[in-house]
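Enquirer: Quick one, query22.tsv (TSV, C-alpha atoms):
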chain	number	residue	atom	x	y	z
L	1	MET	CA	118.35	116.34	58.68
L	2	PRO	CA	118.34	112.61	59.52
L	3	ASP	CA	114.98	110.87	59.32
L	4	HIS	CA	113.93	109.87	62.83
L	5	THR	CA	110.31	109.21	61.96
L	6	GLN	CA	110.53	105.39	61.85
L	7	LEU	CA	111.95	105.20	65.36
L	8	ILE	CA	109.38	107.77	66.60
L	9	ARG	CA	106.61	105.66	65.07
L	10	SER	CA	107.81	102.51	66.83
L	11	VAL	CA	107.97	104.37	70.16
L	12	LEU	CA	104.41	105.62	69.57
L	13	VAL	CA	103.25	102.05	68.90
L	14	ASP	CA	104.78	100.85	72.18
L	15	HIS	CA	104.01	103.83	74.45
L	16	GLY	CA	101.48	106.14	72.75
L	17	ARG	CA	98.30	104.19	73.65
L	18	LEU	CA	96.74	105.73	70.53
L	19	ALA	CA	93.19	104.96	69.47
L	20	VAL	CA	94.32	104.41	65.87
L	21	ASP	CA	97.02	102.42	64.07
L	22	VAL	CA	100.18	104.56	63.99
L	23	ALA	CA	100.88	103.37	60.43
L	24	THR	CA	97.72	105.14	59.22
L	25	LEU	CA	98.88	108.52	60.57
L	26	SER	CA	100.72	111.03	58.41
L	27	ASP	CA	103.76	112.77	59.90
L	28	SER	CA	101.73	115.94	60.36
L	29	ALA	CA	98.59	114.32	61.83
L	30	SER	CA	97.60	115.44	65.34
L	31	LEU	CA	98.65	112.82	67.87
L	32	TYR	CA	96.27	114.33	70.41
L	33	GLU	CA	93.35	113.82	68.03
L	34	ALA	CA	94.63	110.26	67.62
L	35	GLY	CA	94.20	109.78	71.37
L	36	LEU	CA	97.58	110.70	72.88
L	37	THR	CA	96.96	111.59	76.55
L	38	SER	CA	99.19	113.65	78.86
L	39	HIS	CA	100.24	110.53	80.76
L	40	ALA	CA	101.05	108.70	77.54
L	41	SER	CA	103.02	111.67	76.19
L	42	VAL	CA	105.27	111.47	79.27
L	43	ASN	CA	105.92	107.79	78.54
L	44	VAL	CA	106.62	108.63	74.89
L	45	MET	CA	109.08	111.32	75.98
L	46	LEU	CA	110.94	108.98	78.34
L	47	ALA	CA	111.10	106.24	75.69
L	48	LEU	CA	112.39	108.67	73.03
L	49	GLU	CA	115.05	109.89	75.48
L	50	ASP	CA	116.19	106.29	75.93
L	51	GLU	CA	116.11	105.50	72.20
L	52	PHE	CA	117.99	108.63	71.12
L	53	ASP	CA	120.11	109.01	74.25
L	54	VAL	CA	119.05	112.62	74.69
L	55	GLU	CA	117.20	114.68	77.28
L	56	PHE	CA	114.33	116.97	76.31
L	57	PRO	CA	115.25	120.42	77.64
L	58	GLU	CA	112.68	122.69	79.21
L	59	ARG	CA	111.93	124.56	75.97
L	60	PHE	CA	110.57	121.33	74.47
L	61	LEU	CA	108.44	120.35	77.50
L	62	LYS	CA	105.16	121.60	76.05
L	63	ARG	CA	102.23	120.13	74.21
L	64	THR	CA	103.23	121.34	70.73
L	65	THR	CA	106.42	119.21	70.83
L	66	PHE	CA	104.26	116.09	71.07
L	67	GLU	CA	101.56	117.32	68.69
L	68	SER	CA	102.82	115.33	65.68
L	69	ILE	CA	105.51	112.96	64.45
L	70	GLU	CA	106.88	115.89	62.44
L	71	ASN	CA	107.23	118.11	65.53
L	72	LEU	CA	108.92	115.31	67.48
L	73	SER	CA	111.26	114.74	64.56
L	74	VAL	CA	112.25	118.42	64.45
L	75	ALA	CA	112.87	118.47	68.21
L	76	LEU	CA	114.95	115.29	68.09
L	77	ALA	CA	116.97	116.51	65.10
L	78	ASP	CA	117.87	119.55	67.18
L	79	LEU	CA	118.80	117.48	70.24
L	80	VAL	CA	120.70	114.73	68.43
L	81	HIS	CA	122.58	117.34	66.41
L	82	VAL	CA	123.60	119.24	69.54
L	83	ASP	CA	124.74	116.06	71.26
L	84	ALA	CA	126.80	114.80	68.29
D	1	MET	CA	131.98	132.75	109.66
D	2	ALA	CA	128.24	132.40	109.75
D	3	GLU	CA	126.66	131.56	106.41
D	4	ALA	CA	124.76	134.41	104.83
D	5	ASP	CA	120.99	134.02	104.86
D	6	THR	CA	120.14	133.57	101.19
D	7	THR	CA	116.37	133.29	101.71
D	8	PRO	CA	114.69	136.10	99.76
D	9	PRO	CA	113.14	138.73	102.05
D	10	ALA	CA	109.71	138.07	100.51
D	11	ALA	CA	109.91	134.38	101.50
D	12	ASN	CA	110.86	135.39	105.03
D	13	ALA	CA	107.95	137.82	105.22
D	14	LEU	CA	105.58	135.10	103.97
D	15	ALA	CA	106.90	132.56	106.51
D	16	GLU	CA	106.48	135.16	109.25
D	17	SER	CA	102.85	135.77	108.26
D	18	GLN	CA	102.23	132.01	108.23
D	19	LEU	CA	103.76	131.59	111.69
D	20	ALA	CA	101.79	134.56	112.99
D	21	LEU	CA	98.50	133.06	111.78
D	22	ARG	CA	99.38	129.66	113.23
D	23	ASP	CA	100.26	131.25	116.60
D	24	ARG	CA	97.00	133.23	116.57
D	25	LEU	CA	94.97	130.02	116.03
D	26	VAL	CA	96.96	128.10	118.66
D	27	ASP	CA	96.76	130.93	121.23
D	28	ALA	CA	92.98	131.14	120.73
D	29	GLY	CA	92.72	127.37	121.24
D	30	ARG	CA	91.30	126.68	117.75
D	31	LEU	CA	94.31	124.51	116.81
D	32	ILE	CA	96.11	122.22	119.26
D	33	PRO	CA	99.76	121.61	118.34
D	34	THR	CA	101.19	118.08	118.38
D	35	GLY	CA	104.87	118.90	117.93
D	36	VAL	CA	104.80	117.85	114.26
D	37	ALA	CA	104.48	120.57	111.60
D	38	GLY	CA	101.10	120.45	109.88
D	39	LEU	CA	99.53	118.05	112.40
D	40	PHE	CA	97.02	119.64	114.78
D	41	GLY	CA	94.08	118.86	116.99
D	42	ARG	CA	90.97	121.01	116.45
D	43	ASP	CA	88.68	122.43	119.14
D	44	VAL	CA	84.89	122.37	119.08
D	45	VAL	CA	84.68	125.88	117.56
D	46	PHE	CA	87.02	124.93	114.71
D	47	GLU	CA	84.97	121.78	114.10
D	48	ALA	CA	81.70	123.76	114.07
D	49	VAL	CA	83.08	125.92	111.23
D	50	VAL	CA	84.33	122.81	109.38
D	51	SER	CA	80.82	121.31	109.64
D	52	GLY	CA	79.24	124.55	108.46
D	53	VAL	CA	81.47	124.75	105.39
D	54	GLY	CA	80.89	121.05	104.66
D	55	ALA	CA	77.12	121.55	104.78
D	56	LEU	CA	77.38	124.46	102.32
D	57	VAL	CA	79.51	122.36	99.94
D	58	ALA	CA	76.92	119.58	100.15
D	59	ALA	CA	74.05	122.01	99.53
D	60	ALA	CA	75.78	123.66	96.56
D	61	GLY	CA	75.70	120.38	94.62
D	62	GLU	CA	72.29	119.14	95.77
D	63	ASP	CA	70.64	119.87	92.39
D	64	ASP	CA	72.88	117.22	90.78
D	65	HIS	CA	71.46	114.54	93.16
D	66	PRO	CA	74.84	113.03	94.04
D	67	THR	CA	75.21	109.57	95.51
D	68	ARG	CA	76.76	110.20	98.93
D	69	VAL	CA	79.43	107.71	99.97
D	70	SER	CA	81.96	107.56	102.79
D	71	TYR	CA	85.32	105.83	102.85
D	72	PRO	CA	87.99	105.56	105.55
D	73	PRO	CA	91.12	107.65	104.93
D	74	LEU	CA	92.82	104.61	103.37
D	75	ILE	CA	92.79	103.10	99.92
D	76	PRO	CA	94.07	99.74	98.71
D	77	LYS	CA	97.72	99.99	97.66
D	78	VAL	CA	96.84	98.31	94.38
D	79	ASP	CA	94.43	101.13	93.44
D	80	PHE	CA	96.84	103.82	94.68
D	81	ASP	CA	99.55	102.36	92.45
D	82	LYS	CA	97.25	102.12	89.42
D	83	ILE	CA	96.29	105.79	89.78
D	84	GLY	CA	99.99	106.65	89.45
D	85	TYR	CA	100.32	108.76	92.58
D	86	LEU	CA	103.80	107.45	93.46
D	87	ARG	CA	104.92	108.14	89.89
D	88	ASN	CA	103.60	111.72	89.90
D	89	PHE	CA	103.85	112.90	93.53
D	90	PRO	CA	106.44	110.67	95.25
D	91	GLU	CA	107.29	113.10	98.05
D	92	LEU	CA	103.65	113.35	99.19
D	93	VAL	CA	102.80	109.66	99.58
D	94	GLY	CA	101.82	107.90	102.80
D	95	PRO	CA	102.05	104.13	102.35
D	96	VAL	CA	101.23	102.25	105.57
D	97	PHE	CA	103.84	99.92	107.04
D	98	SER	CA	103.46	97.45	109.89
D	99	PHE	CA	105.42	94.74	111.62
D	100	VAL	CA	105.39	91.26	110.15
D	101	GLY	CA	107.75	88.72	111.71
D	102	ASP	CA	108.67	86.44	114.54
D	103	ALA	CA	110.01	87.07	118.04
D	104	ALA	CA	113.61	87.46	116.80
D	105	ASP	CA	112.53	90.03	114.21
D	106	HIS	CA	110.61	91.84	116.90
D	107	ARG	CA	113.65	91.90	119.20
D	108	ALA	CA	115.56	93.64	116.40
D	109	VAL	CA	112.85	96.30	116.19
D	110	VAL	CA	112.79	96.83	119.96
D	111	GLU	CA	116.57	97.12	120.01
D	112	ARG	CA	116.36	99.97	117.50
D	113	LEU	CA	113.52	101.51	119.49
D	114	ASP	CA	115.56	101.40	122.71
D	115	GLY	CA	118.58	102.82	120.89
D	116	ASP	CA	116.41	105.63	119.51
D	117	ALA	CA	117.40	104.50	115.99
D	118	PRO	CA	115.21	104.49	112.85
D	119	TYR	CA	113.33	101.19	112.40
D	120	GLY	CA	111.39	101.79	109.18
D	121	ASP	CA	113.50	99.31	107.21
D	122	LEU	CA	112.41	96.50	109.59
D	123	LEU	CA	108.71	97.05	108.85
D	124	THR	CA	106.74	95.62	105.94
D	125	GLN	CA	104.50	97.52	103.57
D	126	THR	CA	100.82	96.69	104.10
D	127	GLU	CA	98.03	96.47	101.50
D	128	VAL	CA	96.78	99.99	102.30
D	129	THR	CA	97.91	103.57	101.75
D	130	LEU	CA	96.74	106.84	103.29
D	131	THR	CA	94.37	108.59	100.88
D	132	PRO	CA	95.77	111.76	99.33
D	133	ALA	CA	92.46	112.79	97.69
D	134	CYS	CA	89.07	111.70	98.98
D	135	CYS	CA	87.64	110.86	95.53
D	136	TYR	CA	90.27	108.18	94.83
D	137	PRO	CA	88.37	105.20	96.33
D	138	ILE	CA	85.32	106.01	94.19
D	139	TYR	CA	86.70	105.37	90.69
D	140	PRO	CA	87.64	101.70	91.29
D	141	SER	CA	84.16	101.17	92.77
D	142	VAL	CA	82.34	102.04	89.53
D	143	THR	CA	84.29	99.79	87.16
D	144	GLY	CA	82.20	98.71	84.16
D	145	ALA	CA	79.35	100.33	82.24
D	146	LEU	CA	77.81	103.53	83.56
D	147	GLY	CA	74.08	103.92	82.95
D	148	ALA	CA	72.72	106.71	80.77
D	149	GLY	CA	73.61	110.10	82.22
D	150	GLY	CA	76.67	108.81	84.04
D	151	ALA	CA	77.24	109.19	87.76
D	152	VAL	CA	77.57	111.95	90.35
D	153	PHE	CA	79.12	111.29	93.74
D	154	GLU	CA	79.75	113.27	96.88
D	155	THR	CA	82.20	112.28	99.58
D	156	CYS	CA	84.26	113.68	102.43
D	157	ALA	CA	87.26	112.19	104.22
D	158	TYR	CA	90.51	112.95	105.94
D	159	CYS	CA	93.41	113.01	103.47
D	160	PHE	CA	97.16	112.78	103.99
D	161	ARG	CA	99.94	114.51	102.11
D	162	HIS	CA	103.48	114.53	103.41
D	163	GLU	CA	104.25	118.23	103.18
D	164	PRO	CA	105.21	119.44	106.67
D	165	SER	CA	104.94	123.24	106.81
D	166	VAL	CA	104.60	126.06	109.32
D	167	ASP	CA	101.66	127.32	107.25
D	168	PRO	CA	98.33	126.49	108.97
D	169	MET	CA	96.79	126.57	105.46
D	170	ARG	CA	98.97	123.54	104.54
D	171	LEU	CA	98.30	120.60	106.85
D	172	GLN	CA	99.56	117.04	106.55
D	173	ALA	CA	96.15	115.66	107.55
D	174	PHE	CA	93.07	117.56	106.43
D	175	ARG	CA	89.52	116.95	105.22
D	176	GLN	CA	88.38	117.26	101.64
D	177	HIS	CA	84.72	117.53	100.70
D	178	GLU	CA	84.27	116.62	97.06
D	179	HIS	CA	81.70	116.28	94.32
D	180	ILE	CA	82.63	113.93	91.48
D	181	ARG	CA	81.21	113.57	87.97
D	182	ILE	CA	81.86	110.48	85.84
D	183	ALA	CA	80.20	110.56	82.41
D	184	THR	CA	80.70	111.49	78.74
D	185	PRO	CA	83.08	114.40	78.01
D	186	ASP	CA	80.16	116.78	77.26
D	187	GLU	CA	78.30	115.84	80.44
D	188	VAL	CA	81.45	116.27	82.53
D	189	LEU	CA	82.24	119.68	81.00
D	190	ASP	CA	78.64	120.90	81.56
D	191	TRP	CA	78.91	119.87	85.21
D	192	ARG	CA	82.30	121.55	85.54
D	193	ALA	CA	80.95	124.80	84.04
D	194	ARG	CA	78.29	124.91	86.77
D	195	TRP	CA	80.85	124.44	89.55
D	196	LEU	CA	83.14	127.10	88.05
D	197	GLU	CA	80.35	129.50	89.09
D	198	ARG	CA	79.16	127.79	92.26
D	199	ALA	CA	82.55	127.48	93.98
D	200	PRO	CA	83.58	131.17	93.98
D	201	GLU	CA	79.98	132.13	94.89
D	202	LEU	CA	80.09	129.82	97.90
D	203	LEU	CA	83.42	131.21	99.14
D	204	SER	CA	82.69	134.88	98.52
D	205	ALA	CA	79.31	134.57	100.29
D	206	LEU	CA	81.40	133.78	103.40
D	207	GLY	CA	83.25	137.07	103.13
D	208	LEU	CA	86.38	135.63	101.50
D	209	ASP	CA	88.20	137.49	98.71
D	210	VAL	CA	88.34	134.79	96.03
D	211	ILE	CA	89.63	134.62	92.45
D	212	SER	CA	89.68	131.75	89.95
D	213	ASP	CA	92.88	130.83	88.14
D	214	ILE	CA	94.35	128.12	85.93
D	215	ALA	CA	96.72	125.92	87.94
D	216	ASN	CA	98.74	122.73	87.87
D	217	ASP	CA	99.35	119.92	90.30
D	218	PRO	CA	102.91	119.59	91.72
D	219	PHE	CA	103.97	116.76	89.37
D	220	PHE	CA	107.46	115.53	90.25
D	221	GLY	CA	110.63	115.87	88.19
D	222	ARG	CA	111.22	116.43	84.47
D	223	ALA	CA	108.41	114.17	83.33
D	224	GLY	CA	106.30	116.15	85.80
D	225	ARG	CA	107.24	119.38	84.08
D	226	LEU	CA	105.61	118.12	80.89
D	227	MET	CA	102.52	117.09	82.88
D	228	LYS	CA	102.33	120.54	84.48
D	229	MET	CA	102.66	122.34	81.13
D	230	SER	CA	100.11	120.03	79.57
D	231	GLN	CA	97.65	120.46	82.46
D	232	ARG	CA	97.91	124.25	82.18
D	233	GLU	CA	97.73	124.42	78.38
D	234	GLN	CA	94.53	122.36	78.47
D	235	GLN	CA	93.15	124.26	81.49
D	236	LEU	CA	92.46	120.98	83.29
D	237	LYS	CA	92.84	122.40	86.80
D	238	ILE	CA	91.17	125.58	88.03
D	239	GLU	CA	91.81	126.80	91.55
D	240	PHE	CA	89.70	129.09	93.71
D	241	LEU	CA	92.26	131.17	95.57
D	242	VAL	CA	91.74	133.29	98.66
D	243	ASP	CA	93.81	136.16	99.97
D	244	VAL	CA	95.24	135.15	103.34
D	245	TYR	CA	98.87	136.29	103.08
D	246	GLY	CA	98.49	139.02	100.46
D	247	ASP	CA	97.33	139.15	96.85
D	248	GLU	CA	100.65	137.76	95.52
D	249	HIS	CA	100.56	134.68	97.80
D	250	ARG	CA	97.01	133.45	97.38
D	251	THR	CA	96.09	129.97	98.60
D	252	ALA	CA	93.62	127.60	96.95
D	253	CYS	CA	90.65	126.75	99.20
D	254	SER	CA	89.07	124.71	96.45
D	255	SER	CA	89.98	123.36	93.03
D	256	ILE	CA	88.31	121.58	90.17
D	257	ASN	CA	90.20	118.98	88.14
D	258	TYR	CA	89.19	117.58	84.77
D	259	HIS	CA	90.90	114.17	84.51
D	260	GLN	CA	89.77	113.49	80.94
D	261	ASP	CA	89.78	109.66	80.59
D	262	HIS	CA	92.54	108.99	83.15
D	263	PHE	CA	90.33	107.26	85.73
D	264	GLY	CA	87.89	105.90	83.17
D	265	HIS	CA	90.72	104.18	81.32
D	266	THR	CA	92.59	103.06	84.44
D	267	PHE	CA	89.56	101.44	86.06
D	268	GLY	CA	87.64	100.35	82.95
D	269	ILE	CA	84.68	102.72	83.39
D	270	HIS	CA	82.65	102.99	80.19
D	271	THR	CA	79.89	105.27	78.95
D	272	ASP	CA	76.87	104.05	76.97
D	273	ASP	CA	78.77	104.26	73.67
D	274	GLY	CA	81.51	101.95	75.03
D	275	ALA	CA	84.13	104.74	75.30
D	276	ASP	CA	86.28	105.31	78.39
D	277	ALA	CA	84.33	107.58	80.74
D	278	HIS	CA	85.67	111.04	81.50
D	279	SER	CA	85.68	112.43	85.03
D	280	SER	CA	86.09	115.62	86.99
D	281	CYS	CA	86.03	116.43	90.68
D	282	ILE	CA	85.70	119.58	92.73
D	283	GLY	CA	87.26	119.49	96.17
D	284	PHE	CA	87.04	121.94	99.03
D	285	GLY	CA	89.79	121.87	101.66
D	286	LEU	CA	87.62	122.20	104.76
D	287	GLU	CA	90.51	123.19	107.05
D	288	ARG	CA	91.79	125.69	104.48
D	289	CYS	CA	88.34	127.28	104.22
D	290	THR	CA	88.08	127.32	108.02
D	291	VAL	CA	91.54	128.82	108.62
D	292	ALA	CA	90.86	131.43	105.90
D	293	LEU	CA	87.60	132.34	107.69
D	294	PHE	CA	89.37	132.70	111.06
D	295	ASN	CA	91.98	134.86	109.35
D	296	GLN	CA	89.30	136.99	107.70
D	297	HIS	CA	86.84	137.38	110.57
D	298	GLY	CA	88.97	136.72	113.68
D	299	THR	CA	89.38	133.72	115.97
D	300	ASP	CA	86.24	134.54	118.00
D	301	VAL	CA	83.23	133.27	116.03
D	302	ALA	CA	80.84	135.38	118.12
D	303	GLN	CA	82.37	138.46	116.49
D	304	TRP	CA	81.85	137.24	112.92
D	305	PRO	CA	79.38	139.07	110.64
D	306	ALA	CA	75.86	137.76	111.26
D	307	PRO	CA	75.22	136.71	107.62
D	308	VAL	CA	78.39	134.58	107.65
D	309	ARG	CA	77.40	132.94	110.95
D	310	ASP	CA	73.89	132.32	109.60
D	311	ARG	CA	75.19	130.66	106.45
D	312	LEU	CA	77.46	128.40	108.48
D	313	GLY	CA	74.75	127.58	111.05
D	314	LEU	CA	76.88	129.01	113.88
Please, can you express the file's structure as C-alpha cells?

Expert:
Amino acid sequence: MPDHTQLIRSVLVDHGRLAVDVATLSDSASLYEAGLTSHASVNVMLALEDEFDVEFPERFLKRTTFESIENLSVALADLVHVDA
Amino acid sequence: MAEADTTPPAANALAESQLALRDRLVDAGRLIPTGVAGLFGRDVVFEAVVSGVGALVAAAGEDDHPTRVSYPPLIPKVDFDKIGYLRNFPELVGPVFSFVGDAADHRAVVERLDGDAPYGDLLTQTEVTLTPACCYPIYPSVTGALGAGGAVFETCAYCFRHEPSVDPMRLQAFRQHEHIRIATPDEVLDWRARWLERAPELLSALGLDVISDIANDPFFGRAGRLMKMSQREQQLKIEFLVDVYGDEHRTACSSINYHQDHFGHTFGIHTDDGADAHSSCIGFGLERCTVALFNQHGTDVAQWPAPVRDRLGL
C-alpha cells in the first residue's frame, strides 16, 4: 500500500483548522479530538479529492473516514488503487 | 404516446393531502393565495393563532431570562456569506438585487419588462440578503468576549427560503420564533437538554401528536452528504415532528440545532477561558404550528377544545 500520509498531513495543515500542530499527531490520533470540525472535514475532503484526483464515494462519507490520518490513508489507498 | 407517470403512488397521495389541506385553509379564508406557491396572506384568525403560539414559545423560555431582540427579515450579505449559507444551501438563498445605473441602463430594463423577458441579469446585488433563519443576525452582534454564564437571546422574524411547494406546511416566507444560547459547551448542552423536554411538552399541550427525532439539514451536494452524515452521527439536530399527513410523513414544527463552535469561531465570540463559544438555537415555525393546529382541530377556532383555546389566549 503506498504511503499517502505525508500528503494527507499537508492537506490537514492547510484545511484542517486543527487546534494542535499536525506534526505532533500520530497516524492513529483522533482528528476530532484535535479540533477537526464538520465544516473543516468537508474542506479536507475536497482538498484530498483534488490532490489525489479521486472522488470519495458514498460509503466513505461518514465521520469514521475522517477520524484519523490512518483511516484517511486506508480510504485513499482503496480509491487510488481502484482508479489506477 | 403520453409519458408514463413515474411518480410513486405514495408521493401522489402525499401531494393530494397537501393540496387538500391548502384548499381547506384557503376556502375557510385563513390563507389568502397570491398566485405563487408557498406565498400567502393570513387572515386575523390565523394571526391570532400565530400570536398565541409565539406567546407560549416566549413563556417556555422565560426562566432563562433571555435578552429579547428584533431584527428586520434581512441580514448583511457579508454576514450571510461568512455563515456559509450559499455554500451549504444554495437553492434556498434569497439575495436582494436592485437597479443601479443610468437612464440608458434603465431603458434596457424597461425594454425587457415590456417584452415580458427576464431582467435579473441587469440588476445589481445589494448589501443585504433575506434572512433564512431568524437567529442569524444575533451571532455577529455579540462578537468578542461573553461575560460569565454566556448569553441567552430570544427573537422572532419573518424568514425566507426558496422552496416553492403546494404544501401549506412549507412556505417560502414564514415566521420563526427562536431562543438562542451562546456559552461554554457544558452550558449550551444543559440548556439544550431543558428544551428537549420543553418543546414536545409545548406542542403536545396544544393537542398535537409530536415525536422527537434526530435529523439533518438539507446540505447541498456531495460535500453536503458528509455534513448530513456528520450532523446525524453527532446528533446535532433534533426535530419535533407532528403528524399532519400520516405517521410516515411527519413534519417538523420545531427543531433544536447545536452548532458547536461554528458561529463562535466565525464571528470571534469567546467564553471566559478564551475559547470559541459554542451555540445552540431552538426555533419554532409559527406558521407550521398554526397550520398543524388548524389541521388537528379544524379551521373554525370557535370549535377548538377549550383548553387549547385557553392556552393560546383565543

Enquirer: Quick one: residues within 9 Å of (102.0, 109.8, 60.5) (file frame), counting only C-alpha atoms, please, as a list in words.

Expert: Thr5, Arg9, Val22, Ala23, Thr24, Leu25, Ser26, Asp27, Ser28, Ala29, Ser30, Leu31, Ser68, Ile69 and Glu70 of chain L

Enquirer: So the first atom is atom CA of Ser165 of chain D and the second is atom CA of Leu74 of chain D; what is the distance between them in Å, to one decimal place?

Expert: 22.5 Å

Enquirer: Near Gly38 of chain D, within 6 Å and counting all atoms listed in the file, which residues show up once chain neighbours fewer than 3 positions away are dropped, as a PyMOL selection string?

Expert: chain D and resi 164-165+171-172

Enquirer: Any idea which chain L residues end up within 6 Å of chain D if we count only C-alpha atoms, as a list in words please?

Expert: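 Taking only C-alpha atoms into account, Val42, Leu61, Lys62 and Arg63 of chain L sit within 6 Å of chain D.
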
Enquirer: Which value, in Å to one decimal, gives the distance between atom CA of Ser51 of chain D and atom CA of Leu286 of chain D?

Expert: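 That distance, rounded to one decimal, is 8.4 Å.
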
Enquirer: What does the distance from atom CA of Glu154 of chain D to atom CA of His179 of chain D come to in Å, to one decimal?

Expert: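 Separation of atom CA of Glu154 of chain D and atom CA of His179 of chain D: 4.4 Å.
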
Enquirer: For a quick check of your reading of the model, name the residues lying within 10 Å of the coordinate (96.6, 92.6, 102.7), counting only C-alpha atoms, and write them as a PyMOL selection string.

Expert: chain D and resi 76-77+125-128

Enquirer: Give the answer as one residue: which of D:Ala277, D:Val93, D:Leu122, D:Ala103 has the shortest atom-to-atom distance to Glu187 of chain D, using all atoms listed in the file?

Expert: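 Among D:Ala277, D:Val93, D:Leu122, D:Ala103, it is D:Ala277 that comes nearest to Glu187 of chain D.
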
Enquirer: Given the choices D:Ser17, D:Asn12, D:Thr184, D:Thr124, which gets closest to Thr271 of chain D if the distance is worked out from only C-alpha atoms?

Expert: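 Using only C-alpha atoms, Thr271 of chain D sits closest to D:Thr184.
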
Enquirer: I want to know what sits within 6 Å of Leu18 of chain L, based on all atoms listed in the file, with residues of the same chain fewer than 6 positions away left out; could you give that as a ChimeraX atom specification?

Expert: /L:34-36

Enquirer: Nearest residue to Gly54 of chain D out of D:Phe174, D:Phe284, D:Tyr139, D:Trp304, using all atoms listed in the file?

Expert: D:Phe284

Enquirer: Please list as a PyMOL selection string every residue within 8 Å of Val53 of chain D, counting all atoms listed in the file and excluding residues in the same chain fewer than 4 positions away.

Expert: chain D and resi 49+57+286+289-290+312

Enquirer: Could you list, as a PyMOL selection string, every residue within 12 Å of Val80 of chain L, counting only C-alpha atoms and ignoring same-chain residues fewer than 4 positions away?

Expert: chain L and resi 1-4+48-49+51-56+72-76+84
